[in-house]
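Written below as structure tokens is the structure these notes are about.
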Amino acid sequence: GVKKGFVYGKSDKTASAPEENPVTPEDLTATIYQLLGIDPETMIHDLQDRPVPISSGRPVWDVIS
């Protein structure tokens with residue numbers, strides 16, 4: 001699961017940009033895959049049988065309980 005009541009990172013004074021520990025959408029998808037028990041480094045094959053990663057991000061381990 002995800003840690004409850006946990007604040008990850010820090011934003012600037014106007015909350016318009018991260019100051020610490022920025023997370024990308026790709027990191028978010030990798031974290032969700034990890035929580036679902038799916039290896040975020042899994043490769044799938046497209047219609048031309050080329051390998052394509054399911055996520056290019058990395059799980060945010062600090063928010064996983």
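Naming scheme: A, B, ... for chains in displayed order of the structure tokens; residues 1 onward per chain; ligands 1 onward as shown.
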
Within 12 Å of Val23 (chain A), counting only C-alpha atoms, which residues qualify if same-chain residues fewer than 6 places away don't, as a list in words? Tyr8, Gly9, Lys10, Ser11, Ala17, Thr29, Ala30, Thr31, Gly57, Arg58, Pro59, Val60, Trp61, Asp62 and Val63 of chain A

Export, as a compact mmCIF listing (two decimals), in the first residue's frame, the selected residues with N, CA and C atoms.
# COMPACT_ATOMS: atom_id res chain seq x y z
N TYR A 8 5.40 13.77 0.71
CA TYR A 8 6.62 13.43 -0.01
C TYR A 8 7.09 14.65 -0.79
N GLY A 9 8.31 15.07 -0.55
CA GLY A 9 8.87 16.21 -1.27
C GLY A 9 8.45 17.54 -0.68
N LYS A 10 8.78 18.58 -1.41
CA LYS A 10 8.51 19.94 -0.95
C LYS A 10 8.39 20.82 -2.18
N SER A 11 7.46 21.77 -2.13
CA SER A 11 7.29 22.70 -3.25
C SER A 11 7.80 24.09 -2.87
N ALA A 17 6.27 24.76 -8.32
CA ALA A 17 7.36 23.90 -8.77
C ALA A 17 7.92 23.12 -7.58
N THR A 29 3.23 6.16 -12.71
CA THR A 29 2.76 4.91 -13.30
C THR A 29 3.61 3.72 -12.86
N ALA A 30 4.92 3.91 -12.76
CA ALA A 30 5.80 2.83 -12.29
C ALA A 30 5.45 2.45 -10.85
N THR A 31 5.13 3.43 -10.02
CA THR A 31 4.74 3.16 -8.63
C THR A 31 3.42 2.39 -8.59
N GLY A 57 9.39 5.25 -16.08
CA GLY A 57 9.69 5.84 -14.78
C GLY A 57 10.23 4.83 -13.79
N ARG A 58 10.46 5.33 -12.58
CA ARG A 58 10.94 4.48 -11.49
C ARG A 58 9.97 4.59 -10.33
N PRO A 59 9.70 3.47 -9.65
CA PRO A 59 8.79 3.54 -8.51
C PRO A 59 9.31 4.50 -7.44
N VAL A 60 8.39 5.21 -6.80
CA VAL A 60 8.75 6.11 -5.70
C VAL A 60 8.67 5.27 -4.42
N TRP A 61 9.79 4.63 -4.08
CA TRP A 61 9.82 3.68 -2.96
C TRP A 61 9.50 4.33 -1.63
N ASP A 62 9.79 5.60 -1.47
CA ASP A 62 9.56 6.27 -0.19
C ASP A 62 8.08 6.41 0.16
N VAL A 63 7.18 6.28 -0.79
CA VAL A 63 5.75 6.39 -0.48
C VAL A 63 5.07 5.03 -0.35

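Residues of region 6-60 of chain A that DSSP, applied to the backbone, places in strand (DSSP E): Lys10, Ser11, Pro18, Glu19, Glu20, Met43, Ile44, His45, Pro51, Val52 and Pro53 of chain A.
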
Keeping only C-alpha atoms, write those residues as a compact mmCIF listing (two decimals), in the first residue's frame.
# COMPACT_ATOMS: atom_id res chain seq x y z
CA LYS A 10 8.51 19.94 -0.95
CA SER A 11 7.29 22.70 -3.25
CA PRO A 18 8.95 21.12 -6.72
CA GLU A 19 11.94 22.01 -4.56
CA GLU A 20 12.67 18.48 -3.33
CA MET A 43 8.46 -5.09 -21.79
CA ILE A 44 5.50 -5.69 -24.07
CA HIS A 45 5.62 -6.13 -27.83
CA PRO A 51 9.77 -4.42 -27.33
CA VAL A 52 8.19 -1.43 -25.58
CA PRO A 53 8.52 -0.72 -21.85

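When only C-alpha atoms are used to measure the gap to Leu35 (chain A), the shortest distance among A:Ser56, A:Asp12, A:Lys4, A:Ile64 belongs to A:Ile64.
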
From a DSSP pass on the backbone, collect the residues of chain A flagged as helix (DSSP H, G or I) and hand them back as a VMD selection string. chain A and resid 25 to 35 61 to 63
